[in-house]
file upload25.json (JSON, C-alpha atoms and all ligand atoms)
[["chain", "number", "residue", "atom", "x", "y", "z"],
["A", 1, "MET", "CA", 19.23, 7.69, 11.22],
["A", 2, "SER", "CA", 15.61, 7.78, 12.44],
["A", 3, "THR", "CA", 13.25, 4.87, 11.73],
["A", 4, "GLU", "CA", 11.36, 7.02, 9.22],
["A", 5, "GLN", "CA", 14.58, 7.88, 7.36],
["A", 6, "ALA", "CA", 15.53, 4.19, 7.34],
["A", 7, "VAL", "CA", 12.08, 3.20, 6.02],
["A", 8, "SER", "CA", 12.21, 5.87, 3.35],
["A", 9, "LYS", "CA", 15.68, 4.65, 2.29],
["A", 10, "THR", "CA", 14.35, 1.08, 1.96],
["A", 11, "TYR", "CA", 11.99, 2.26, -0.77],
["A", 12, "LEU", "CA", 14.45, 4.58, -2.54],
["A", 13, "HIS", "CA", 14.99, 3.71, -6.22],
["A", 14, "GLY", "CA", 16.77, 6.81, -7.48],
["A", 15, "GLY", "CA", 15.48, 6.81, -11.05],
["A", 16, "LEU", "CA", 11.97, 5.46, -10.77],
["A", 17, "LEU", "CA", 10.12, 7.74, -13.19],
["A", 18, "ALA", "CA", 12.67, 7.11, -15.92],
["A", 19, "ALA", "CA", 12.46, 3.35, -15.28],
["A", 20, "ILE", "CA", 8.66, 3.43, -15.62],
["A", 21, "GLU", "CA", 8.89, 5.53, -18.80],
["A", 22, "ALA", "CA", 11.42, 3.10, -20.29],
["A", 23, "ALA", "CA", 9.21, 0.08, -19.47],
["A", 24, "LEU", "CA", 6.15, 1.75, -21.01],
["A", 25, "ALA", "CA", 8.16, 2.51, -24.14],
["A", 26, "ARG", "CA", 9.18, -1.17, -24.37],
["A", 27, "MET", "CA", 5.48, -2.07, -24.09],
["A", 28, "GLY", "CA", 4.61, 0.34, -26.90],
["A", 29, "LYS", "CA", 2.33, 2.39, -24.58],
["A", 30, "PRO", "CA", 2.36, 6.12, -25.41],
["A", 31, "ILE", "CA", 2.02, 8.33, -22.31],
["A", 32, "SER", "CA", -0.65, 10.42, -24.06],
["A", 33, "SER", "CA", -3.09, 7.48, -24.04],
["A", 34, "LEU", "CA", -2.20, 5.66, -20.82],
["A", 35, "SER", "CA", -4.91, 4.14, -18.64],
["A", 36, "ILE", "CA", -4.76, 3.37, -14.92],
["A", 37, "ALA", "CA", -4.82, -0.33, -15.88],
["A", 38, "ASP", "CA", -1.56, 0.14, -17.81],
["A", 39, "LEU", "CA", 0.14, 1.38, -14.61],
["A", 40, "ALA", "CA", -1.37, -1.18, -12.22],
["A", 41, "PRO", "CA", 1.49, -3.71, -12.48],
["A", 42, "VAL", "CA", 3.88, -1.17, -10.91],
["A", 43, "ASP", "CA", 1.73, 1.14, -8.79],
["A", 44, "GLU", "CA", -0.14, -1.34, -6.55],
["A", 45, "PHE", "CA", 2.63, -2.38, -4.13],
["A", 46, "HIS", "CA", 0.78, -4.95, -2.03],
["A", 47, "ILE", "CA", -0.10, -8.64, -2.24],
["A", 48, "GLY", "CA", -2.61, -9.23, -5.02],
["A", 49, "GLY", "CA", -2.09, -5.83, -6.68],
["A", 50, "ARG", "CA", -5.14, -4.35, -8.42],
["A", 51, "VAL", "CA", -7.26, -7.49, -7.86],
["A", 52, "ALA", "CA", -6.79, -7.12, -4.09],
["A", 53, "THR", "CA", -7.51, -3.38, -4.27],
["A", 54, "GLU", "CA", -10.80, -3.90, -6.12],
["A", 55, "ARG", "CA", -12.15, -6.31, -3.50],
["A", 56, "PHE", "CA", -10.85, -4.29, -0.58],
["A", 57, "MET", "CA", -12.36, -1.00, -1.79],
["A", 58, "LYS", "CA", -15.83, -2.56, -2.17],
["A", 59, "GLN", "CA", -15.94, -2.74, 1.63],
["A", 60, "LEU", "CA", -15.38, 1.01, 2.15],
["A", 61, "ASN", "CA", -18.72, 2.17, 0.76],
["A", 62, "LEU", "CA", -17.06, 4.75, -1.49],
["A", 63, "ASN", "CA", -18.84, 7.25, -3.74],
["A", 64, "GLN", "CA", -18.46, 10.71, -5.27],
["A", 65, "ASP", "CA", -18.99, 12.35, -1.86],
["A", 66, "SER", "CA", -16.15, 10.43, -0.23],
["A", 67, "GLN", "CA", -13.13, 12.41, 0.94],
["A", 68, "VAL", "CA", -10.58, 9.67, 1.13],
["A", 69, "LEU", "CA", -7.18, 9.51, 2.80],
["A", 70, "ASP", "CA", -4.65, 6.99, 1.44],
["A", 71, "VAL", "CA", -2.07, 6.51, 4.21],
["A", 72, "GLY", "CA", 1.33, 5.36, 2.93],
["A", 73, "CYS", "CA", 0.03, 5.81, -0.60],
["A", 74, "GLY", "CA", 3.28, 4.88, -2.33],
["A", 75, "LEU", "CA", 2.96, 5.70, -6.04],
["A", 76, "GLY", "CA", -0.77, 6.28, -5.62],
["A", 77, "GLY", "CA", -2.07, 3.39, -7.71],
["A", 78, "SER", "CA", -4.89, 2.65, -5.27],
["A", 79, "ALA", "CA", -5.72, 6.36, -5.07],
["A", 80, "ARG", "CA", -6.05, 6.50, -8.86],
["A", 81, "PHE", "CA", -8.23, 3.37, -8.81],
["A", 82, "VAL", "CA", -10.55, 4.92, -6.19],
["A", 83, "ALA", "CA", -10.73, 8.29, -7.98],
["A", 84, "ASN", "CA", -11.52, 6.59, -11.27],
["A", 85, "ALA", "CA", -13.93, 3.89, -10.06],
["A", 86, "TYR", "CA", -15.87, 5.88, -7.44],
["A", 87, "GLN", "CA", -15.28, 9.53, -8.50],
["A", 88, "SER", "CA", -14.02, 10.19, -4.94],
["A", 89, "GLN", "CA", -11.52, 12.90, -3.96],
["A", 90, "VAL", "CA", -8.33, 11.26, -2.67],
["A", 91, "THR", "CA", -5.44, 12.65, -0.64],
["A", 92, "GLY", "CA", -2.37, 10.48, -0.25],
["A", 93, "ILE", "CA", 0.55, 10.82, 2.15],
["A", 94, "ASP", "CA", 3.85, 8.94, 2.09],
["A", 95, "LEU", "CA", 7.33, 9.10, 3.59],
["A", 96, "SER", "CA", 9.02, 8.55, 0.23],
["A", 97, "ARG", "CA", 9.55, 11.79, -1.71],
["A", 98, "GLU", "CA", 10.41, 9.82, -4.81],
["A", 99, "TYR", "CA", 7.13, 7.88, -4.67],
["A", 100, "ILE", "CA", 5.14, 11.10, -4.17],
["A", 101, "GLU", "CA", 6.86, 12.98, -7.00],
["A", 102, "THR", "CA", 6.59, 10.01, -9.36],
["A", 103, "GLY", "CA", 3.00, 9.34, -8.26],
["A", 104, "ASN", "CA", 1.93, 12.93, -8.97],
["A", 105, "THR", "CA", 3.40, 12.65, -12.48],
["A", 106, "LEU", "CA", 1.46, 9.39, -13.01],
["A", 107, "CYS", "CA", -1.74, 11.24, -11.94],
["A", 108, "GLU", "CA", -1.02, 13.86, -14.61],
["A", 109, "TRP", "CA", -0.41, 11.18, -17.23],
["A", 110, "VAL", "CA", -3.84, 9.60, -16.63],
["A", 111, "LYS", "CA", -5.56, 12.99, -16.18],
["A", 112, "LEU", "CA", -6.62, 12.50, -12.56],
["A", 113, "LYS", "CA", -4.76, 15.46, -11.08],
["A", 114, "LYS", "CA", -7.99, 17.29, -10.14],
["A", 115, "GLN", "CA", -9.23, 14.43, -7.98],
["A", 116, "ILE", "CA", -5.97, 13.40, -6.31],
["A", 117, "ALA", "CA", -3.34, 15.17, -4.20],
["A", 118, "LEU", "CA", -0.33, 13.14, -3.11],
["A", 119, "GLN", "CA", 1.96, 14.72, -0.56],
["A", 120, "HIS", "CA", 5.14, 13.91, 1.29],
["A", 121, "GLY", "CA", 4.86, 13.38, 5.06],
["A", 122, "SER", "CA", 4.56, 10.99, 7.96],
["A", 123, "ALA", "CA", 1.41, 9.07, 8.79],
["A", 124, "LEU", "CA", 2.27, 9.56, 12.44],
["A", 125, "ASP", "CA", 2.00, 13.36, 12.27],
["A", 126, "MET", "CA", -0.22, 14.30, 9.35],
["A", 127, "PRO", "CA", -0.59, 17.88, 8.07],
["A", 128, "PHE", "CA", -4.40, 17.57, 7.94],
["A", 129, "ASP", "CA", -7.18, 19.17, 9.99],
["A", 130, "ASN", "CA", -9.27, 17.27, 12.51],
["A", 131, "ASP", "CA", -12.31, 15.58, 10.87],
["A", 132, "ALA", "CA", -10.93, 16.22, 7.36],
["A", 133, "PHE", "CA", -11.89, 12.85, 5.82],
["A", 134, "ASN", "CA", -14.80, 10.41, 5.84],
["A", 135, "ARG", "CA", -12.83, 7.40, 4.52],
["A", 136, "ALA", "CA", -9.25, 6.25, 5.03],
["A", 137, "TYR", "CA", -7.24, 3.20, 4.16],
["A", 138, "MET", "CA", -3.73, 1.87, 4.46],
["A", 139, "LEU", "CA", -2.44, -0.88, 2.20],
["A", 140, "HIS", "CA", 0.70, -2.70, 3.41],
["A", 141, "VAL", "CA", 1.95, 0.20, 5.52],
["A", 142, "GLY", "CA", 1.58, -0.89, 9.15],
["A", 143, "MET", "CA", 4.53, -3.28, 8.78],
["A", 144, "ASN", "CA", 6.81, -0.23, 8.82],
["A", 145, "ILE", "CA", 5.13, 1.44, 11.82],
["A", 146, "GLU", "CA", 6.07, 0.29, 15.31],
["A", 147, "ASP", "CA", 3.47, 2.18, 17.31],
["A", 148, "LYS", "CA", 0.07, 1.03, 16.05],
["A", 149, "THR", "CA", -1.71, 3.05, 18.74],
["A", 150, "GLN", "CA", -0.06, 6.24, 17.49],
["A", 151, "ILE", "CA", -1.05, 5.69, 13.87],
["A", 152, "PHE", "CA", -4.65, 4.88, 14.80],
["A", 153, "THR", "CA", -4.80, 7.87, 17.17],
["A", 154, "GLU", "CA", -3.70, 10.10, 14.28],
["A", 155, "LEU", "CA", -6.21, 8.46, 11.94],
["A", 156, "TYR", "CA", -8.96, 8.93, 14.53],
["A", 157, "ARG", "CA", -8.11, 12.64, 14.68],
["A", 158, "VAL", "CA", -8.35, 13.27, 10.92],
["A", 159, "LEU", "CA", -11.50, 11.16, 10.41],
["A", 160, "ARG", "CA", -15.07, 12.29, 11.04],
["A", 161, "PRO", "CA", -17.37, 10.39, 13.40],
["A", 162, "GLY", "CA", -18.85, 7.42, 11.54],
["A", 163, "ALA", "CA", -15.98, 7.37, 9.02],
["A", 164, "ILE", "CA", -14.75, 4.03, 7.70],
["A", 165, "LEU", "CA", -11.12, 2.93, 7.99],
["A", 166, "GLY", "CA", -9.80, -0.01, 5.95],
["A", 167, "ILE", "CA", -6.48, -1.75, 6.62],
["A", 168, "TYR", "CA", -4.82, -4.41, 4.47],
["A", 169, "ASP", "CA", -1.49, -5.32, 6.06],
["A", 170, "VAL", "CA", 0.87, -8.21, 6.41],
["A", 171, "MET", "CA", 0.50, -9.29, 10.03],
["A", 172, "ARG", "CA", 2.30, -11.61, 12.41],
["A", 173, "GLN", "CA", 0.70, -15.07, 12.57],
["A", 174, "GLN", "CA", 3.18, -16.94, 14.80],
["A", 175, "GLN", "CA", 6.36, -16.06, 16.62],
["A", 176, "GLY", "CA", 9.58, -17.07, 14.86],
["A", 177, "ASP", "CA", 12.37, -15.50, 12.80],
["A", 178, "LEU", "CA", 11.34, -14.21, 9.39],
["A", 179, "THR", "CA", 13.60, -14.64, 6.40],
["A", 180, "PHE", "CA", 14.75, -11.23, 5.10],
["A", 181, "PRO", "CA", 14.74, -9.25, 2.86],
["A", 182, "VAL", "CA", 10.99, -8.86, 2.37],
["A", 183, "PRO", "CA", 9.29, -6.20, 0.20],
["A", 184, "TRP", "CA", 8.83, -3.79, 3.14],
["A", 185, "ALA", "CA", 12.20, -4.27, 4.87],
["A", 186, "THR", "CA", 15.71, -5.42, 4.13],
["A", 187, "SER", "CA", 16.31, -6.38, 7.79],
["A", 188, "PRO", "CA", 14.34, -6.71, 11.05],
["A", 189, "SER", "CA", 15.33, -3.14, 12.01],
["A", 190, "THR", "CA", 12.48, -1.60, 9.94],
["A", 191, "SER", "CA", 9.93, -4.41, 10.22],
["A", 192, "TYR", "CA", 7.25, -4.01, 12.90],
["A", 193, "LEU", "CA", 4.75, -6.80, 12.51],
["A", 194, "ALA", "CA", 1.81, -7.11, 14.87],
["A", 195, "THR", "CA", -0.83, -9.82, 15.16],
["A", 196, "PRO", "CA", -4.44, -9.21, 14.03],
["A", 197, "ASP", "CA", -5.41, -9.21, 17.73],
["A", 198, "GLU", "CA", -2.83, -6.49, 18.46],
["A", 199, "TYR", "CA", -4.20, -4.39, 15.58],
["A", 200, "CYS", "CA", -7.76, -4.90, 16.87],
["A", 201, "GLN", "CA", -6.77, -3.95, 20.38],
["A", 202, "ALA", "CA", -5.03, -0.76, 19.19],
["A", 203, "LEU", "CA", -8.08, 0.09, 17.05],
["A", 204, "SER", "CA", -10.44, -0.41, 19.96],
["A", 205, "GLU", "CA", -8.25, 1.58, 22.38],
["A", 206, "THR", "CA", -8.21, 4.54, 20.00],
["A", 207, "GLY", "CA", -11.99, 4.59, 19.44],
["A", 208, "PHE", "CA", -12.58, 2.43, 16.37],
["A", 209, "GLU", "CA", -15.09, -0.39, 16.22],
["A", 210, "LEU", "CA", -14.14, -3.45, 14.16],
["A", 211, "VAL", "CA", -16.68, -4.14, 11.40],
["A", 212, "ASN", "CA", -15.02, -6.99, 9.52],
["A", 213, "GLN", "CA", -11.84, -9.07, 9.45],
["A", 214, "SER", "CA", -10.66, -11.29, 6.54],
["A", 215, "ASN", "CA", -7.68, -13.62, 6.39],
["A", 216, "ARG", "CA", -6.19, -13.39, 2.87],
["A", 217, "ARG", "CA", -3.66, -16.24, 3.14],
["A", 218, "ASP", "CA", -5.27, -18.52, 0.52],
["A", 219, "PHE", "CA", -5.73, -15.62, -1.88],
["A", 220, "ALA", "CA", -2.05, -14.65, -1.45],
["A", 221, "ILE", "CA", -0.74, -18.15, -2.13],
["A", 222, "GLU", "CA", -2.96, -18.51, -5.20],
["A", 223, "PHE", "CA", -1.89, -15.06, -6.43],
["A", 224, "PHE", "CA", 1.81, -15.92, -6.16],
["A", 225, "ASN", "CA", 1.28, -19.34, -7.81],
["A", 226, "GLN", "CA", -0.43, -17.68, -10.77],
["A", 227, "LEU", "CA", 2.22, -14.95, -10.99],
["A", 228, "GLY", "CA", 5.00, -17.55, -10.97],
["A", 229, "ALA", "CA", 3.29, -19.64, -13.67],
["A", 230, "LYS", "CA", 2.71, -16.56, -15.86],
["A", 231, "THR", "CA", 6.32, -15.41, -15.49],
["A", 232, "GLN", "CA", 7.61, -18.86, -16.36],
["A", 233, "ALA", "CA", 5.30, -19.22, -19.38],
["A", 234, "LYS", "CA", 6.49, -15.85, -20.75],
["A", 235, "GLY", "CA", 10.16, -16.62, -20.06],
["A", 236, "GLY", "CA", 10.54, -13.76, -17.55],
["A", 237, "PRO", "CA", 8.67, -10.81, -16.06],
["A", 238, "PRO", "CA", 6.85, -8.23, -18.24],
["A", 239, "PRO", "CA", 8.59, -4.87, -18.82],
["A", 240, "LEU", "CA", 6.56, -3.18, -16.05],
["A", 241, "GLY", "CA", 6.00, -4.78, -12.65],
["A", 242, "LEU", "CA", 6.96, -4.69, -8.99],
["A", 243, "HIS", "CA", 10.47, -5.62, -10.14],
["A", 244, "THR", "CA", 10.60, -2.06, -11.58],
["A", 245, "LEU", "CA", 10.37, -0.83, -7.95],
["A", 246, "MET", "CA", 12.42, -3.47, -6.15],
["A", 247, "GLN", "CA", 14.99, -4.02, -8.92],
["A", 248, "GLU", "CA", 17.60, -6.74, -8.30],
["A", 249, "SER", "CA", 16.21, -7.57, -4.84],
["A", 250, "THR", "CA", 12.78, -8.52, -6.25],
["A", 251, "SER", "CA", 13.23, -12.25, -6.49],
["A", 252, "ALA", "CA", 14.68, -12.64, -2.95],
["A", 253, "LYS", "CA", 12.03, -10.35, -1.42],
["A", 254, "ILE", "CA", 9.10, -12.10, -3.09],
["A", 255, "SER", "CA", 10.32, -15.65, -2.50],
["A", 256, "ASN", "CA", 11.08, -14.88, 1.17],
["A", 257, "MET", "CA", 7.63, -13.38, 1.59],
["A", 258, "ILE", "CA", 5.99, -16.48, 0.09],
["A", 259, "ALA", "CA", 8.09, -18.76, 2.36],
["A", 260, "ASN", "CA", 7.21, -16.67, 5.43],
["A", 261, "ILE", "CA", 3.50, -16.98, 4.55],
["A", 262, "GLU", "CA", 3.74, -20.71, 3.83],
["A", 263, "ASN", "CA", 5.55, -21.21, 7.15],
["A", 264, "ASN", "CA", 2.64, -19.48, 8.92],
["A", 265, "LEU", "CA", 4.87, -16.71, 10.28],
["A", 266, "ILE", "CA", 3.00, -13.93, 8.50],
["A", 267, "VAL", "CA", -0.43, -13.51, 6.94],
["A", 268, "PRO", "CA", -2.12, -10.77, 4.89],
["A", 269, "VAL", "CA", -5.25, -9.60, 6.68],
["A", 270, "GLU", "CA", -7.98, -7.03, 5.93],
["A", 271, "LEU", "CA", -9.59, -5.12, 8.79],
["A", 272, "ILE", "CA", -12.53, -2.79, 8.31],
["A", 273, "ALA", "CA", -13.32, -0.46, 11.20],
["A", 274, "GLN", "CA", -15.50, 2.55, 11.93],
["A", 275, "LYS", "CA", -14.82, 5.66, 13.99],
["A", 276, "THR", "CA", -17.40, 5.63, 16.76],
["A", 301, "LIG", "C1", 4.72, -1.59, 0.60],
["A", 301, "LIG", "S1", 4.54, 0.11, 0.26],
["A", 301, "LIG", "C2", 2.79, 0.21, -0.11],
["A", 301, "LIG", "C3", 2.45, 1.44, -0.91],
["A", 301, "LIG", "C4", 0.98, 1.59, -1.27],
["A", 301, "LIG", "N1", 0.13, 1.62, -0.11],
["A", 301, "LIG", "C5", 0.56, 0.48, -2.20],
["A", 301, "LIG", "O1", -0.12, -0.45, -1.74],
["A", 301, "LIG", "O2", 0.91, 0.53, -3.38],
["A", 301, "LIG", "C6", 4.61, 0.85, 1.89],
["A", 301, "LIG", "C7", 4.57, 2.36, 1.83],
["A", 301, "LIG", "O3", 4.33, 2.87, 3.14],
["A", 301, "LIG", "C8", 5.08, 4.06, 3.28],
["A", 301, "LIG", "N2", 5.26, 4.33, 4.70],
["A", 301, "LIG", "C9", 5.84, 3.53, 5.64],
["A", 301, "LIG", "N3", 5.83, 4.12, 6.84],
["A", 301, "LIG", "C10", 5.22, 5.32, 6.68],
["A", 301, "LIG", "C11", 4.91, 6.41, 7.54],
["A", 301, "LIG", "N4", 5.24, 6.40, 8.84],
["A", 301, "LIG", "N5", 4.27, 7.48, 7.03],
["A", 301, "LIG", "C12", 3.96, 7.53, 5.70],
["A", 301, "LIG", "N6", 4.24, 6.54, 4.84],
["A", 301, "LIG", "C13", 4.85, 5.45, 5.31],
["A", 301, "LIG", "C14", 6.37, 3.75, 2.55],
["A", 301, "LIG", "O4", 7.09, 4.91, 2.23],
["A", 301, "LIG", "C15", 5.87, 2.99, 1.34],
["A", 301, "LIG", "O5", 5.59, 3.83, 0.27]]

call {"tool": "encode", "arguments": {"input": "upload25.json", "output": "structure tokens", "more": "lines below"}}
Ligand SMILES: C[S@@+](CC[C@H](N)C(=O)[O-])C[C@H]1O[C@@H](n2cnc3c(N)ncnc32)[C@H](O)[C@@H]1O
result
Amino acid sequence: MSTEQAVSKTYLHGGLLAAIEAALARMGKPISSLSIADLAPVDEFHIGGRVATERFMKQLNLNQDSQVLDVGCGLGGSARFVANAYQSQVTGIDLSREYIETGNTLCEWVKLKKQIALQHGSALDMPFDNDAFNRAYMLHVGMNIEDKTQIFTELYRVLRPGAILGIYDVMRQQQGDLTFPVPWATSPSTSYLATPDEYCQALSETGFELVNQSNRRDFAIEFFNQLGAKTQAKGGPPPLGLHTLMQESTSAKISNMIANIENNLIVPVELIAQKT
């Protein structure tokens, strides 16, 4: 099995759309009047969810003229946020067919189909023309990609000169064995963490200039503390959440990720760069 097949298998649910529909029904949310906020608990698969997305996107200088690429878009929650908040056109690409098919249905449900196209494919060999986009971002995707130079070379190709690239990934802070499973990998065989310096070096080698770098460790710990307190106060998770995606492995994946952050092995980091 290739790495990409193994990564795609990690994220396979098998009945995701039906699970989301069932959770929405339990919440009493009719599909005819859904908002993107209703879907945010399940479709923002990165530390901090929608709150993290809002802050991150403010740094990309987005507007109605932005042609945005969402690399490793998952279910497309961030794409729907960008289309709705900034009126941008967004194209998403992801290895998981199930995420793309489910994500396109979610776009229909919230009436954003005209602004968003999600398609199946690899970020390492994208079916897009040179200079096709003027913004791109990847949220918690680089952890599954071994060759950072290759992904940034491909991003450089599809972006126009001056375009902004945003990255929000879990990065390696110190050497040491991680506890698995984590949300992006069940074992070390599909986990390819790099340090912020290694990301910056790969960006610079491929022609990007770093504009800003933010360590999101404190935010992550506070986010998980609040999530834990809310879950405890309510006697369990809400009907719709990241547990809808990760199912029975959710608790192990999240608690291992928190422990790996607290042990300074990994850290969520934002990088904003520009194509020179
Ligand atoms: C943790 S999820 C994040 C999804 C989305 N960015 C979000 O924040 O909600 C990681 C996603 O990256 C995708 N992915 C990993 N490697 C990829 C690759 N080489 N090409 C395209 N997508 C990839 C996975 O299929 C998965 O959907």

call {"tool": "closest_residue", "arguments": {"input": "upload25.json", "among": "A:Glu146, A:Asp38, A:Glu54, A:Glu108", "to": "ligand LIG 301 (chain A)", "atoms": "all atoms listed in the file"}}
result
A:Glu146

call {"tool": "residues_near_ligand", "arguments": {"input": "upload25.json", "ligand": "ligand LIG 301 (chain A)", "cutoff": "8 Å", "atoms": "all atoms listed in the file", "output": "count of residues only"}}
result
38

call {"tool": "residues_around", "arguments": {"input": "upload25.json", "residues": "Gln67 (chain A)", "least_positions_apart": "4", "cutoff": "10 Å", "atoms": "all atoms listed in the file", "output": "ChimeraX atom specification"}}
result
/A:62-63,88-91,115,132-136,159,163

call {"tool": "closest_residue", "arguments": {"input": "upload25.json", "among": "A:Met126, A:Val158, A:Leu227, A:Met246", "to": "Pro181 (chain A)", "atoms": "all atoms listed in the file"}}
result
A:Met246

call {"tool": "closest_residue", "arguments": {"input": "upload25.json", "among": "A:Gln173, A:Thr10, A:Gln213, A:Asn104", "to": "Gly92 (chain A)", "atoms": "all atoms listed in the file"}}
result
A:Asn104

call {"tool": "closest_residue", "arguments": {"input": "upload25.json", "among": "A:Ile20, A:Leu106, A:Val68, A:Ile47", "to": "Ser32 (chain A)", "atoms": "only C-alpha atoms"}}
result
A:Leu106

call {"tool": "residues_around", "arguments": {"input": "upload25.json", "residues": "Asn264 (chain A)", "least_positions_apart": "5", "cutoff": "9 Å", "atoms": "only C-alpha atoms", "output": "list in words"}}
result
Arg172, Gln173, Gln174 and Ala259 of chain A

call {"tool": "closest_residue", "arguments": {"input": "upload25.json", "among": "A:Ile100, A:Leu155, A:Cys107, A:Ile167", "to": "Val211 (chain A)", "atoms": "all atoms listed in the file"}}
result
A:Ile167

call {"tool": "closest_residue", "arguments": {"input": "upload25.json", "among": "A:Gln59, A:Gln119, A:Thr102, A:Thr195", "to": "Asn212 (chain A)", "atoms": "all atoms listed in the file"}}
result
A:Gln59

call {"tool": "residues_around", "arguments": {"input": "upload25.json", "residues": "Asn260 (chain A)", "least_positions_apart": "5", "cutoff": "8 Å", "atoms": "only C-alpha atoms", "output": "list of chain:residue names"}}
result
A:Leu178, A:Thr179, A:Leu265, A:Ile266

call {"tool": "atom_distance", "arguments": {"input": "upload25.json", "atom1": "CA of Met27 (chain A)", "atom2": "CA of Ala233 (chain A)"}}
result
17.8 Å

call {"tool": "atom_distance", "arguments": {"input": "upload25.json", "atom1": "CA of Leu240 (chain A)", "atom2": "CA of Ala79 (chain A)"}}
result
19.0 Å

call {"tool": "residues_near_point", "arguments": {"input": "upload25.json", "point": "(-7.3, 4.8, 21.8)", "cutoff": "9 Å", "atoms": "only C-alpha atoms", "output": "JSON, numbers by chain"}}
result
{"A": [149, 150, 152, 153, 156, 201, 202, 203, 204, 205, 206, 207, 208]}

call {"tool": "atom_distance", "arguments": {"input": "upload25.json", "atom1": "CA of Thr53 (chain A)", "atom2": "CA of Gly235 (chain A)"}}
result
27.1 Å

call {"tool": "axis_aligned_box", "arguments": {"input": "upload25.json", "around": "region 131-150 of chain A", "padding_each_side": "6 Å", "output": "JSON"}}
result
{"center_x": -4.0, "center_y": 6.5, "center_z": 10.5, "size_x": 33.6, "size_y": 31.5, "size_z": 28.5}

call {"tool": "decode", "arguments": {"input": "upload25.json", "residues": "region 145-160 of chain A", "atoms": "N, CA and C atoms", "output": "short mmCIF file (atom, residue, chain, number, x, y, z; two decimals), in the first residue's frame"}}
result
data_model
loop_
_atom_site.label_atom_id
_atom_site.label_comp_id
_atom_site.auth_asym_id
_atom_site.auth_seq_id
_atom_site.Cartn_x
_atom_site.Cartn_y
_atom_site.Cartn_z
N ILE A 145 2.57 14.41 5.20
CA ILE A 145 3.35 14.54 3.96
C ILE A 145 4.84 14.55 4.30
N GLU A 146 5.53 13.52 3.81
CA GLU A 146 6.95 13.37 4.18
C GLU A 146 7.81 14.44 3.53
N ASP A 147 7.57 14.68 2.25
CA ASP A 147 8.48 15.55 1.49
C ASP A 147 7.92 16.98 1.46
N LYS A 148 8.37 17.79 2.41
CA LYS A 148 7.84 19.16 2.50
C LYS A 148 8.28 19.99 1.28
N THR A 149 9.47 19.68 0.77
CA THR A 149 9.93 20.44 -0.41
C THR A 149 9.01 20.17 -1.60
N GLN A 150 8.57 18.92 -1.73
CA GLN A 150 7.69 18.60 -2.87
C GLN A 150 6.34 19.32 -2.78
N ILE A 151 5.77 19.34 -1.58
CA ILE A 151 4.47 20.01 -1.45
C ILE A 151 4.60 21.51 -1.69
N PHE A 152 5.69 22.12 -1.20
CA PHE A 152 5.84 23.56 -1.40
C PHE A 152 6.21 23.88 -2.86
N THR A 153 6.93 22.97 -3.51
CA THR A 153 7.22 23.16 -4.94
C THR A 153 5.92 23.16 -5.74
N GLU A 154 5.03 22.23 -5.39
CA GLU A 154 3.74 22.13 -6.10
C GLU A 154 2.87 23.37 -5.79
N LEU A 155 2.91 23.81 -4.54
CA LEU A 155 2.16 25.02 -4.19
C LEU A 155 2.72 26.24 -4.93
N TYR A 156 4.04 26.31 -5.03
CA TYR A 156 4.67 27.43 -5.73
C TYR A 156 4.19 27.46 -7.19
N ARG A 157 4.08 26.29 -7.77
CA ARG A 157 3.67 26.19 -9.19
C ARG A 157 2.26 26.73 -9.40
N VAL A 158 1.32 26.37 -8.50
CA VAL A 158 -0.09 26.75 -8.75
C VAL A 158 -0.42 28.15 -8.24
N LEU A 159 0.51 28.77 -7.52
CA LEU A 159 0.26 30.13 -7.01
C LEU A 159 0.87 31.19 -7.92
N ARG A 160 0.22 32.35 -7.93
CA ARG A 160 0.76 33.49 -8.72
C ARG A 160 1.85 34.21 -7.93
#
